[in-house]
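Data block for model35.pdb (PDB, C-alpha atoms):
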```
ATOM      1  CA  MET A   1    -102.296 114.939  56.620
ATOM      2  CA  LYS A   2     -99.882 112.124  55.779
ATOM      3  CA  ILE A   3    -101.381 108.669  56.360
ATOM      4  CA  HIS A   4     -99.106 106.559  58.522
ATOM      5  CA  THR A   5     -97.739 103.426  56.834
ATOM      6  CA  PRO A   6     -99.164 100.253  58.403
ATOM      7  CA  LEU A   7     -96.498  97.996  59.924
ATOM      8  CA  THR A   8     -97.046  94.329  60.780
ATOM      9  CA  VAL A   9     -94.724  92.303  63.007
ATOM     10  CA  ILE A  10     -94.377  88.586  62.288
ATOM     11  CA  THR A  11     -92.809  86.689  65.148
ATOM     12  CA  GLY A  12     -92.691  83.115  66.423
ATOM     13  CA  PRO A  13     -90.231  80.409  67.472
ATOM     14  CA  LEU A  14     -87.379  79.125  65.334
ATOM     15  CA  GLY A  15     -88.636  77.088  62.412
ATOM     16  CA  SER A  16     -92.317  77.823  62.934
ATOM     17  CA  GLY A  17     -92.780  78.920  59.304
ATOM     18  CA  LYS A  18     -92.419  82.708  59.310
ATOM     19  CA  THR A  19     -90.416  82.915  56.091
ATOM     20  CA  THR A  20     -92.627  80.320  54.403
ATOM     21  CA  LEU A  21     -95.625  82.488  55.293
ATOM     22  CA  LEU A  22     -93.946  85.553  53.794
ATOM     23  CA  ARG A  23     -93.083  83.715  50.592
ATOM     24  CA  TYR A  24     -96.715  82.694  50.185
ATOM     25  CA  ILE A  25     -97.997  86.222  50.862
ATOM     26  CA  LEU A  26     -95.658  87.625  48.233
ATOM     27  CA  GLU A  27     -96.889  85.116  45.665
ATOM     28  CA  ILE A  28    -100.547  86.130  45.903
ATOM     29  CA  PHE A  29    -100.755  89.585  47.517
ATOM     30  CA  PRO A  30    -100.634  92.449  44.958
ATOM     31  CA  LYS A  31     -99.670  95.324  47.256
ATOM     32  CA  LYS A  32     -96.162  96.792  47.482
ATOM     33  CA  ILE A  33     -94.557  95.308  50.581
ATOM     34  CA  ALA A  34     -91.322  96.330  52.278
ATOM     35  CA  ILE A  35     -89.803  93.553  54.369
ATOM     36  CA  LEU A  36     -87.310  93.934  57.172
ATOM     37  CA  MET A  37     -85.776  90.618  58.184
ATOM     38  CA  ASN A  38     -83.767  90.047  61.330
ATOM     39  CA  GLU A  39     -81.994  86.698  61.167
ATOM     40  CA  PHE A  40     -80.218  84.683  63.829
ATOM     41  CA  GLY A  41     -76.959  83.363  62.408
ATOM     42  CA  GLU A  42     -73.957  84.511  60.411
ATOM     43  CA  ILE A  43     -75.484  83.877  56.969
ATOM     44  CA  ALA A  44     -78.669  85.613  55.865
ATOM     45  CA  ILE A  45     -80.393  82.523  54.456
ATOM     46  CA  ASP A  46     -83.969  83.774  54.672
ATOM     47  CA  THR A  47     -83.161  87.070  52.967
ATOM     48  CA  LYS A  48     -81.958  85.138  49.923
ATOM     49  CA  ILE A  49     -85.145  83.104  49.519
ATOM     50  CA  ILE A  50     -87.638  85.968  49.708
ATOM     51  CA  GLN A  51     -88.597  86.981  46.185
ATOM     52  CA  GLY A  52     -91.424  89.029  44.728
ATOM     53  CA  LYS A  53     -92.046  91.679  42.083
ATOM     54  CA  ASN A  54     -93.490  94.162  44.604
ATOM     55  CA  VAL A  55     -90.902  93.576  47.331
ATOM     56  CA  GLN A  56     -88.233  95.812  48.820
ATOM     57  CA  MET A  57     -85.883  93.965  51.198
ATOM     58  CA  THR A  58     -83.803  95.287  54.073
ATOM     59  CA  ASP A  59     -81.627  92.904  56.100
ATOM     60  CA  LEU A  60     -80.950  93.884  59.704
ATOM     61  CA  GLY A  61     -78.092  91.410  60.127
ATOM     62  CA  GLY A  62     -77.351  88.930  62.880
ATOM     63  CA  GLY A  63     -78.424  90.780  66.009
ATOM     64  CA  CYS A  64     -81.778  90.632  67.752
ATOM     65  CA  VAL A  65     -84.214  93.280  66.583
ATOM     66  CA  CYS A  66     -85.991  93.256  69.948
ATOM     67  CA  CYS A  67     -83.071  94.871  71.710
ATOM     68  CA  SER A  68     -79.584  95.518  70.284
ATOM     69  CA  LEU A  69     -80.712  96.648  66.824
ATOM     70  CA  LEU A  70     -83.478  99.063  67.785
ATOM     71  CA  GLY A  71     -81.601 102.139  66.535
ATOM     72  CA  GLU A  72     -80.763 100.430  63.239
ATOM     73  CA  PHE A  73     -84.355  99.240  62.974
ATOM     74  CA  GLU A  74     -85.771 102.748  63.316
ATOM     75  CA  ALA A  75     -83.347 104.066  60.691
ATOM     76  CA  ALA A  76     -84.257 101.251  58.271
ATOM     77  CA  VAL A  77     -88.000 101.873  58.640
ATOM     78  CA  ASN A  78     -87.664 105.610  58.062
ATOM     79  CA  GLU A  79     -85.401 105.107  55.028
ATOM     80  CA  ILE A  80     -87.837 102.624  53.471
ATOM     81  CA  ILE A  81     -90.758 105.022  53.869
ATOM     82  CA  ASP A  82     -88.796 107.946  52.439
ATOM     83  CA  THR A  83     -87.402 106.057  49.431
ATOM     84  CA  ILE A  84     -89.889 103.281  48.656
ATOM     85  CA  ASP A  85     -93.218 104.496  50.088
ATOM     86  CA  PRO A  86     -94.632 100.955  50.459
ATOM     87  CA  ASP A  87     -98.259 100.073  51.043
ATOM     88  CA  ILE A  88     -97.275  97.820  53.949
ATOM     89  CA  ILE A  89     -94.135  97.211  56.015
ATOM     90  CA  VAL A  90     -93.602  93.720  57.401
ATOM     91  CA  VAL A  91     -90.978  93.003  60.060
ATOM     92  CA  GLU A  92     -89.994  89.358  60.457
ATOM     93  CA  THR A  93     -88.129  88.919  63.718
ATOM     94  CA  THR A  94     -85.641  86.195  64.500
ATOM     95  CA  GLY A  95     -87.129  83.197  66.284
ATOM     96  CA  VAL A  96     -85.351  84.143  69.499
ATOM     97  CA  ALA A  97     -86.741  87.700  69.592
ATOM     98  CA  GLU A  98     -88.986  88.857  72.420
ATOM     99  CA  PRO A  99     -91.365  91.234  70.626
ATOM    100  CA  ASP A 100     -92.600  93.376  73.511
ATOM    101  CA  ALA A 101     -89.592  95.712  73.354
ATOM    102  CA  LEU A 102     -89.952  96.024  69.580
ATOM    103  CA  VAL A 103     -93.682  96.742  69.793
ATOM    104  CA  PHE A 104     -93.068  99.372  72.476
ATOM    105  CA  ASP A 105     -90.371 101.005  70.343
ATOM    106  CA  ILE A 106     -92.659 101.099  67.283
ATOM    107  CA  GLN A 107     -95.427 102.760  69.265
ATOM    108  CA  GLU A 108     -93.130 105.250  70.978
ATOM    109  CA  SER A 109     -90.483 106.117  68.377
ATOM    110  CA  LEU A 110     -91.686 105.523  64.821
ATOM    111  CA  THR A 111     -93.839 108.526  63.975
ATOM    112  CA  LYS A 112     -94.272 107.599  60.293
ATOM    113  CA  VAL A 113     -95.917 104.205  60.887
ATOM    114  CA  ARG A 114     -98.847 102.744  62.752
ATOM    115  CA  LEU A 115     -98.588  99.253  64.226
ATOM    116  CA  ASP A 116    -101.238  97.270  62.375
ATOM    117  CA  GLY A 117    -100.789  94.012  64.257
ATOM    118  CA  VAL A 118     -98.547  91.292  65.652
ATOM    119  CA  ILE A 119     -98.777  87.839  64.078
ATOM    120  CA  THR A 120     -97.203  84.959  65.980
ATOM    121  CA  VAL A 121     -96.541  81.827  63.931
ATOM    122  CA  ILE A 122     -96.597  78.552  65.884
ATOM    123  CA  ASP A 123     -95.494  75.102  64.690
ATOM    124  CA  ALA A 124     -98.338  72.781  65.710
ATOM    125  CA  ASP A 125     -96.215  69.646  65.379
ATOM    126  CA  ALA A 126     -93.435  71.121  67.524
ATOM    127  CA  MET A 127     -96.040  72.012  70.172
ATOM    128  CA  VAL A 128     -96.965  68.328  70.346
ATOM    129  CA  LYS A 129     -93.355  67.134  70.470
ATOM    130  CA  TYR A 130     -92.215  69.828  72.908
ATOM    131  CA  PRO A 131     -95.301  70.788  74.957
ATOM    132  CA  SER A 132     -93.419  72.973  77.431
ATOM    133  CA  VAL A 133     -93.728  76.626  76.372
ATOM    134  CA  GLY A 134     -90.470  78.485  76.976
ATOM    135  CA  HIS A 135     -90.087  82.042  78.205
ATOM    136  CA  THR A 136     -89.471  83.576  74.762
ATOM    137  CA  THR A 137     -92.303  81.674  73.069
ATOM    138  CA  ARG A 138     -94.707  82.734  75.831
ATOM    139  CA  LEU A 139     -93.801  86.393  75.288
ATOM    140  CA  GLN A 140     -94.306  85.953  71.536
ATOM    141  CA  LEU A 141     -97.752  84.471  72.155
ATOM    142  CA  GLU A 142     -98.741  87.116  74.676
ATOM    143  CA  ALA A 143     -97.903  89.868  72.157
ATOM    144  CA  ALA A 144    -100.012  88.354  69.369
ATOM    145  CA  ASP A 145    -103.132  89.805  67.794
ATOM    146  CA  ILE A 146    -103.298  86.722  65.560
ATOM    147  CA  ILE A 147    -101.807  83.316  66.313
ATOM    148  CA  LEU A 148    -101.131  81.508  63.045
ATOM    149  CA  LEU A 149    -101.168  77.819  63.980
ATOM    150  CA  ASN A 150     -99.068  76.349  61.199
ATOM    151  CA  LYS A 151     -98.406  72.740  60.075
ATOM    152  CA  ILE A 152    -101.755  71.472  61.372
ATOM    153  CA  ASP A 153    -101.616  68.694  58.787
ATOM    154  CA  LEU A 154     -98.964  67.002  60.925
ATOM    155  CA  ILE A 155    -101.137  66.548  64.028
ATOM    156  CA  SER A 156    -104.393  64.827  64.966
ATOM    157  CA  LYS A 157    -107.730  66.489  65.742
ATOM    158  CA  SER A 158    -107.413  65.729  69.456
ATOM    159  CA  GLU A 159    -103.890  67.214  69.510
ATOM    160  CA  LEU A 160    -105.197  70.318  67.745
ATOM    161  CA  ILE A 161    -107.900  70.800  70.387
ATOM    162  CA  ALA A 162    -105.328  70.457  73.183
ATOM    163  CA  ILE A 163    -103.008  72.996  71.555
ATOM    164  CA  GLU A 164    -105.866  75.456  71.096
ATOM    165  CA  LYS A 165    -106.692  75.263  74.814
ATOM    166  CA  LYS A 166    -103.063  75.916  75.709
ATOM    167  CA  LEU A 167    -102.831  78.902  73.355
ATOM    168  CA  ILE A 168    -106.047  80.412  74.696
ATOM    169  CA  SER A 169    -104.763  80.012  78.266
ATOM    170  CA  ILE A 170    -101.747  82.140  77.310
ATOM    171  CA  ASN A 171    -103.562  84.697  75.126
ATOM    172  CA  GLU A 172    -107.360  84.719  75.241
ATOM    173  CA  ILE A 173    -107.629  87.823  73.032
ATOM    174  CA  ALA A 174    -105.775  86.706  69.899
ATOM    175  CA  SER A 175    -107.595  85.051  67.015
ATOM    176  CA  ILE A 176    -106.282  81.603  66.077
ATOM    177  CA  VAL A 177    -105.915  80.982  62.336
ATOM    178  CA  TYR A 178    -105.009  77.562  60.892
ATOM    179  CA  ALA A 179    -102.449  77.063  58.125
ATOM    180  CA  VAL A 180    -100.566  74.378  56.236
ATOM    181  CA  ARG A 181     -97.159  75.507  54.927
ATOM    182  CA  GLY A 182     -98.096  79.098  55.769
ATOM    183  CA  GLN A 183    -100.924  79.223  53.243
ATOM    184  CA  VAL A 184    -103.538  81.630  54.565
ATOM    185  CA  ASP A 185    -105.605  84.449  53.081
ATOM    186  CA  PRO A 186    -103.458  87.598  53.558
ATOM    187  CA  GLU A 187    -106.633  89.618  54.095
ATOM    188  CA  LEU A 188    -106.866  87.888  57.487
ATOM    189  CA  LEU A 189    -103.444  89.179  58.479
ATOM    190  CA  PHE A 190    -103.495  92.816  57.409
ATOM    191  CA  GLY A 191    -105.820  95.659  58.394
ATOM    192  CA  ILE A 192    -106.085  94.469  61.997
ATOM    193  CA  GLY A 193    -105.747  97.966  63.447
ATOM    194  CA  ARG A 194    -104.098  97.050  66.748
ATOM    195  CA  GLU A 195    -105.460  99.167  69.592
ATOM    196  CA  ARG A 196    -103.614  97.701  72.572
ATOM    197  CA  VAL A 197    -100.837  99.816  74.066
ATOM    198  CA  GLN A 198     -97.606  97.988  74.883
ATOM    199  CA  ALA A 199     -96.148  98.736  78.307
ATOM    200  CA  PRO A 200     -92.367  99.237  78.578
ATOM    201  CA  PRO A 201     -90.597  95.847  78.780
ATOM    202  CA  GLN A 202     -89.344  94.933  82.231
ATOM    203  CA  HIS A 203     -87.169  91.923  81.425
ATOM    204  CA  ILE A 204     -83.570  91.501  80.298
ATOM    205  CA  HIS A 205     -83.408  89.528  77.067
ATOM    206  CA  GLN A 206     -81.266  86.399  77.407
ATOM    207  CA  PRO A 207     -81.159  84.413  74.151
ATOM    208  CA  GLU A 208     -81.546  80.682  74.644
ATOM    209  CA  PHE A 209     -79.787  79.645  71.450
ATOM    210  CA  GLU A 210     -76.389  79.739  69.740
ATOM    211  CA  SER A 211     -75.599  79.462  66.043
ATOM    212  CA  PHE A 212     -72.762  78.736  63.650
ATOM    213  CA  SER A 213     -72.460  78.577  59.872
ATOM    214  CA  TYR A 214     -70.686  76.479  57.249
ATOM    215  CA  LYS A 215     -69.828  77.320  53.643
ATOM    216  CA  SER A 216     -68.450  75.070  50.929
ATOM    217  CA  SER A 217     -67.807  75.177  47.188
ATOM    218  CA  GLY A 218     -67.979  71.376  46.992
ATOM    219  CA  THR A 219     -70.709  68.996  45.838
ATOM    220  CA  PHE A 220     -72.421  66.769  48.388
ATOM    221  CA  ASN A 221     -73.505  63.153  48.173
ATOM    222  CA  ARG A 222     -77.270  63.304  48.662
ATOM    223  CA  PRO A 223     -77.803  59.969  50.506
ATOM    224  CA  CYS A 224     -74.922  60.862  52.839
ATOM    225  CA  PHE A 225     -76.382  64.303  53.554
ATOM    226  CA  GLU A 226     -79.861  62.898  54.179
ATOM    227  CA  GLU A 227     -78.352  60.386  56.608
ATOM    228  CA  PHE A 228     -76.527  63.288  58.268
ATOM    229  CA  LEU A 229     -79.825  65.134  58.767
ATOM    230  CA  HIS A 230     -81.550  61.982  60.003
ATOM    231  CA  ASN A 231     -78.934  61.606  62.755
ATOM    232  CA  LEU A 232     -78.435  65.261  63.591
ATOM    233  CA  GLU A 233     -77.724  65.859  67.272
ATOM    234  CA  THR A 234     -80.702  66.707  69.454
ATOM    235  CA  ASN A 235     -78.934  69.944  70.477
ATOM    236  CA  ILE A 236     -79.662  71.223  66.961
ATOM    237  CA  TYR A 237     -83.185  72.611  66.948
ATOM    238  CA  ARG A 238     -83.031  74.437  63.628
ATOM    239  CA  ALA A 239     -80.860  74.225  60.520
ATOM    240  CA  LYS A 240     -81.375  75.865  57.156
ATOM    241  CA  GLY A 241     -79.474  76.730  54.037
ATOM    242  CA  PHE A 242     -78.443  75.646  50.563
ATOM    243  CA  ILE A 243     -76.744  72.360  49.600
ATOM    244  CA  ARG A 244     -75.175  71.523  46.241
ATOM    245  CA  PHE A 245     -75.872  68.000  44.991
ATOM    246  CA  PRO A 246     -74.797  66.638  41.570
ATOM    247  CA  GLU A 247     -78.295  67.393  40.230
ATOM    248  CA  GLY A 248     -78.301  70.996  41.498
ATOM    249  CA  ILE A 249     -78.657  73.300  44.506
ATOM    250  CA  TYR A 250     -81.398  72.640  47.073
ATOM    251  CA  LEU A 251     -82.873  74.774  49.828
ATOM    252  CA  PHE A 252     -83.178  72.691  52.979
ATOM    253  CA  ASN A 253     -85.018  73.268  56.223
ATOM    254  CA  PHE A 254     -84.594  71.236  59.385
ATOM    255  CA  VAL A 255     -86.884  71.819  62.384
ATOM    256  CA  ALA A 256     -87.194  69.630  65.480
ATOM    257  CA  GLY A 257     -86.236  66.420  63.708
ATOM    258  CA  ARG A 258     -88.176  67.099  60.453
ATOM    259  CA  TRP A 259     -86.506  68.199  57.249
ATOM    260  CA  ASP A 260     -87.245  68.805  53.581
ATOM    261  CA  LEU A 261     -85.360  69.712  50.401
ATOM    262  CA  GLU A 262     -86.571  72.071  47.677
ATOM    263  CA  PRO A 263     -84.813  72.815  44.342
ATOM    264  CA  PHE A 264     -83.467  76.354  44.393
ATOM    265  CA  VAL A 265     -81.282  78.716  42.367
ATOM    266  CA  GLN A 266     -78.165  79.451  44.417
ATOM    267  CA  GLU A 267     -74.423  79.489  43.790
ATOM    268  CA  ALA A 268     -72.865  77.485  46.635
ATOM    269  CA  THR A 269     -73.457  75.556  49.830
ATOM    270  CA  GLU A 270     -74.294  77.756  52.822
ATOM    271  CA  VAL A 271     -75.729  76.340  56.037
ATOM    272  CA  VAL A 272     -76.702  77.757  59.441
ATOM    273  CA  PHE A 273     -77.169  75.576  62.531
ATOM    274  CA  ILE A 274     -79.084  76.892  65.554
ATOM    275  CA  GLY A 275     -79.414  75.166  68.911
ATOM    276  CA  LYS A 276     -78.055  74.930  72.439
ATOM    277  CA  TYR A 277     -74.494  74.266  73.639
ATOM    278  CA  LEU A 278     -73.239  74.222  70.061
ATOM    279  CA  ARG A 279     -69.662  75.154  70.841
ATOM    280  CA  GLU A 280     -69.201  71.675  72.255
ATOM    281  CA  ILE A 281     -70.332  69.888  69.073
ATOM    282  CA  LYS A 282     -69.544  72.383  66.280
ATOM    283  CA  SER A 283     -66.361  70.665  65.063
ATOM    284  CA  GLU A 284     -68.039  67.241  65.129
ATOM    285  CA  ILE A 285     -70.948  68.469  62.979
ATOM    286  CA  ILE A 286     -68.653  70.156  60.466
ATOM    287  CA  ASN A 287     -66.503  67.005  60.183
ATOM    288  CA  LYS A 288     -69.595  64.911  59.464
ATOM    289  CA  LEU A 289     -70.649  67.401  56.785
ATOM    290  CA  LYS A 290     -67.241  67.247  55.144
ATOM    291  CA  LEU A 291     -67.515  63.470  54.914
ATOM    292  CA  CYS A 292     -70.473  63.985  52.566
ATOM    293  CA  GLU A 293     -68.520  66.149  50.125
ATOM    294  CA  GLN A 294     -67.569  64.343  46.942
TER     295      GLN A 294
END
```

Target format structure tokens, applied to this file:
Amino acid sequence: MKIHTPLTVITGPLGSGKTTLLRYILEIFPKKIAILMNEFGEIAIDTKIIQGKNVQMTDLGGGCVCCSLLGEFEAAVNEIIDTIDPDIIVVETTGVAEPDALVFDIQESLTKVRLDGVITVIDADAMVKYPSVGHTTRLQLEAADIILLNKIDLISKSELIAIEKKLISINEIASIVYAVRGQVDPELLFGIGRERVQAPPQHIHQPEFESFSYKSSGTFNRPCFEEFLHNLETNIYRAKGFIRFPEGIYLFNFVAGRWDLEPFVQEATEVVFIGKYLREIKSEIINKLKLCEQ
């Protein structure tokens, strides 16, 4: 009898560290992993930064895998199993995905896989700055078998205790695992053997966020760009992409007022901005970006 391929869902809010976690797993985990990524935005930034010798990538495009892409998702999973035969399949959902519909679909429709577990990545620092848990984040937490509390180096011990209590009040079953920059023993994340049965989802998914992208072949003044990030409008919750400076291309990540730059091999500037009410400020943001081009 054919053994079903284990499938793990990684979910969590925008900017919580899902892709960073995957990059770390791929660095140290020797098994052959197939990754399906569902990104929110016009440019597939995260797909470009996932690298690994035992990795097979499939990009599900700009829709939400929890609802509109279910048919495409099923086809992608079946094709990967038939052509790649991976040891593990990992699905990274967009930060605005509500995973209950996806989990239900996996259990009901994908006969070649078994759902191994749902991992929800949470940004500890963002939980301190924005303590109100939104509808989508609550659903992501409720679906979790493991809650990966990431970026704990950015908060105090008392704040950590308070966050733990809040997480347990939402999901008292899930194990809470600590991480800094997504660095955690992969053995803790795989082989869970999820036994809970997901009921059919009863809600209508209403995404809270909008996105737009910007591309450029120009070179940017680094101090100007850093000042741009420092003063980025509060409507922008998440931004990510590649920026060309005179010294080279950098991967940048912006989450809830924090940002960092990492040298990266890439051809041109590509940026995605994610937030609320962006249509009103899109042209202003793009004009400020253009001012930084040399």

(message) One decimal, in Å: what's the spacing between CA of Val128 in chain A and CA of Asp100 in chain A?
(response) 25.6 Å

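In this comparison, which uses only C-alpha atoms, the residue of A:Phe228, A:Tyr237, A:Trp259, A:Phe245 approaching Ile285 in chain A most closely is A:Phe228.
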
(request) Check which residues satisfy the PyMOL selection byres ((chain A and resi 12-22) around 7) in the file shown, then give them as a ChimeraX atom specification. (result) /A:10-11,23-26,46,95-96,120-123,137,140,181-183,238,255

(message) the PyMOL selection byres ((chain A and resi 269) around 12) - which residues does that actually catch in the file I just gave you? List them as a ChimeraX atom specification.
(response) /A:43,45,213-220,240-245,248-252,264-268,270-272,289-290,293

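Closest approach to Asp82 in chain A from the set A:Ser283, A:Ser169, A:Thr5, A:Gln294 is made by A:Thr5, with distances taken over all atoms listed in the file.
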
(request) Grab the CA of Arg279 in chain A to CA of Ile236 in chain A distance for me, in Å with one decimal place. (result)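 These atoms are spaced 11.4 Å apart.
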
What's around Gly191 in chain A at 10 Å? Count all atoms listed in the file, leave out sequence neighbours fewer than 6 positions away in its own chain, and write the answer as a compact mmCIF listing (two decimals) with C-alpha atoms, in the coordinates of the input.
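Done, and the output landed in out_10.txt:
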```
# COMPACT_ATOMS: atom_id res chain seq x y z
CA PRO A 6 -99.16 100.25 58.40
CA LEU A 7 -96.50 98.00 59.92
CA THR A 8 -97.05 94.33 60.78
CA ILE A 88 -97.28 97.82 53.95
CA LEU A 115 -98.59 99.25 64.23
CA ASP A 116 -101.24 97.27 62.38
CA GLY A 117 -100.79 94.01 64.26
```

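Straight-line separation from CA of Arg114 in chain A to CA of Pro30 in chain A: 20.6 Å.
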
(request) Would you mind telling me which residue in A:Leu189, A:Ala76, A:Ala144, A:Val184 lies nearest to Ile168 in chain A when using only C-alpha atoms? (result) A:Ala144

(request) Find, counting all atoms listed in the file, the residue in A:Phe225, A:Phe190, A:Phe254, A:Tyr277 that gets nearest to Asp87 in chain A. (result)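 Nearest candidate to Asp87 in chain A out of A:Phe225, A:Phe190, A:Phe254, A:Tyr277: A:Phe190.
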
(message) Quick check on the file I pasted: which residues fall under the PyMOL selection byres ((chain A and resi 110) around 10)? Write them as a ChimeraX atom specification.
(response) /A:4,73-75,77-78,104-109,111-115

(request) Point out the residue among A:Arg222, A:Lys32, A:Lys165, A:Arg258 with the least atom-to-atom distance to Ile89 in chain A, counting all atoms listed in the file. (result) A:Lys32

(message) Measuring between all atoms listed in the file, which one of A:Pro223, A:Pro246, A:Pro86, A:Pro99 shows the shortest distance to Val9 in chain A?
(response)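 Looking at the shortest contact to Val9 in chain A, the residue is A:Pro99.
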
Because some atoms of range 237-258 of chain A are absent here, can you restore N, CA and C atoms and send them as a PDB file, in the coordinates of the input?
```
ATOM      1  N   TYR A 237     -81.740  72.459  67.071  1.00  0.00           N
ATOM      2  CA  TYR A 237     -83.185  72.611  66.948  1.00  0.00           C
ATOM      3  C   TYR A 237     -83.572  73.050  65.540  1.00  0.00           C
ATOM      4  N   ARG A 238     -82.703  73.838  64.924  1.00  0.00           N
ATOM      5  CA  ARG A 238     -83.031  74.437  63.628  1.00  0.00           C
ATOM      6  C   ARG A 238     -81.780  74.461  62.762  1.00  0.00           C
ATOM      7  N   ALA A 239     -81.925  74.082  61.503  1.00  0.00           N
ATOM      8  CA  ALA A 239     -80.860  74.225  60.520  1.00  0.00           C
ATOM      9  C   ALA A 239     -81.508  74.612  59.198  1.00  0.00           C
ATOM     10  N   LYS A 240     -80.817  75.420  58.428  1.00  0.00           N
ATOM     11  CA  LYS A 240     -81.375  75.865  57.156  1.00  0.00           C
ATOM     12  C   LYS A 240     -80.237  76.311  56.258  1.00  0.00           C
ATOM     13  N   GLY A 241     -80.497  76.273  54.952  1.00  0.00           N
ATOM     14  CA  GLY A 241     -79.474  76.730  54.037  1.00  0.00           C
ATOM     15  C   GLY A 241     -79.606  76.121  52.663  1.00  0.00           C
ATOM     16  N   PHE A 242     -78.482  76.136  51.943  1.00  0.00           N
ATOM     17  CA  PHE A 242     -78.443  75.646  50.563  1.00  0.00           C
ATOM     18  C   PHE A 242     -77.361  74.573  50.454  1.00  0.00           C
ATOM     19  N   ILE A 243     -77.681  73.466  49.775  1.00  0.00           N
ATOM     20  CA  ILE A 243     -76.744  72.360  49.600  1.00  0.00           C
ATOM     21  C   ILE A 243     -76.625  72.028  48.113  1.00  0.00           C
ATOM     22  N   ARG A 244     -75.393  71.894  47.647  1.00  0.00           N
ATOM     23  CA  ARG A 244     -75.175  71.523  46.241  1.00  0.00           C
ATOM     24  C   ARG A 244     -75.035  70.014  46.115  1.00  0.00           C
ATOM     25  N   PHE A 245     -75.959  69.409  45.367  1.00  0.00           N
ATOM     26  CA  PHE A 245     -75.872  68.000  44.991  1.00  0.00           C
ATOM     27  C   PHE A 245     -75.479  67.930  43.511  1.00  0.00           C
ATOM     28  N   PRO A 246     -75.136  66.748  43.002  1.00  0.00           N
ATOM     29  CA  PRO A 246     -74.797  66.638  41.570  1.00  0.00           C
ATOM     30  C   PRO A 246     -75.910  67.141  40.659  1.00  0.00           C
ATOM     31  N   GLU A 247     -77.174  66.974  41.082  1.00  0.00           N
ATOM     32  CA  GLU A 247     -78.295  67.393  40.230  1.00  0.00           C
ATOM     33  C   GLU A 247     -78.662  68.861  40.404  1.00  0.00           C
ATOM     34  N   GLY A 248     -78.010  69.579  41.328  1.00  0.00           N
ATOM     35  CA  GLY A 248     -78.301  70.996  41.498  1.00  0.00           C
ATOM     36  C   GLY A 248     -78.318  71.422  42.957  1.00  0.00           C
ATOM     37  N   ILE A 249     -78.597  72.724  43.163  1.00  0.00           N
ATOM     38  CA  ILE A 249     -78.657  73.300  44.506  1.00  0.00           C
ATOM     39  C   ILE A 249     -80.057  73.119  45.081  1.00  0.00           C
ATOM     40  N   TYR A 250     -80.122  72.805  46.389  1.00  0.00           N
ATOM     41  CA  TYR A 250     -81.398  72.640  47.073  1.00  0.00           C
ATOM     42  C   TYR A 250     -81.429  73.512  48.325  1.00  0.00           C
ATOM     43  N   LEU A 251     -82.592  74.117  48.558  1.00  0.00           N
ATOM     44  CA  LEU A 251     -82.873  74.774  49.828  1.00  0.00           C
ATOM     45  C   LEU A 251     -83.318  73.699  50.805  1.00  0.00           C
ATOM     46  N   PHE A 252     -82.728  73.672  51.993  1.00  0.00           N
ATOM     47  CA  PHE A 252     -83.178  72.691  52.979  1.00  0.00           C
ATOM     48  C   PHE A 252     -83.561  73.376  54.280  1.00  0.00           C
ATOM     49  N   ASN A 253     -84.548  72.795  54.923  1.00  0.00           N
ATOM     50  CA  ASN A 253     -85.018  73.268  56.223  1.00  0.00           C
ATOM     51  C   ASN A 253     -85.106  72.093  57.172  1.00  0.00           C
ATOM     52  N   PHE A 254     -84.544  72.261  58.348  1.00  0.00           N
ATOM     53  CA  PHE A 254     -84.594  71.236  59.385  1.00  0.00           C
ATOM     54  C   PHE A 254     -85.166  71.874  60.644  1.00  0.00           C
ATOM     55  N   VAL A 255     -86.242  71.297  61.172  1.00  0.00           N
ATOM     56  CA  VAL A 255     -86.884  71.819  62.384  1.00  0.00           C
ATOM     57  C   VAL A 255     -87.297  70.649  63.258  1.00  0.00           C
ATOM     58  N   ALA A 256     -86.745  70.589  64.465  1.00  0.00           N
ATOM     59  CA  ALA A 256     -87.194  69.630  65.480  1.00  0.00           C
ATOM     60  C   ALA A 256     -87.300  68.207  64.934  1.00  0.00           C
ATOM     61  N   GLY A 257     -86.272  67.783  64.201  1.00  0.00           N
ATOM     62  CA  GLY A 257     -86.236  66.420  63.708  1.00  0.00           C
ATOM     63  C   GLY A 257     -86.851  66.216  62.333  1.00  0.00           C
ATOM     64  N   ARG A 258     -87.604  67.193  61.795  1.00  0.00           N
ATOM     65  CA  ARG A 258     -88.176  67.099  60.453  1.00  0.00           C
ATOM     66  C   ARG A 258     -87.329  67.899  59.484  1.00  0.00           C
TER      67      ARG A 258
END
```
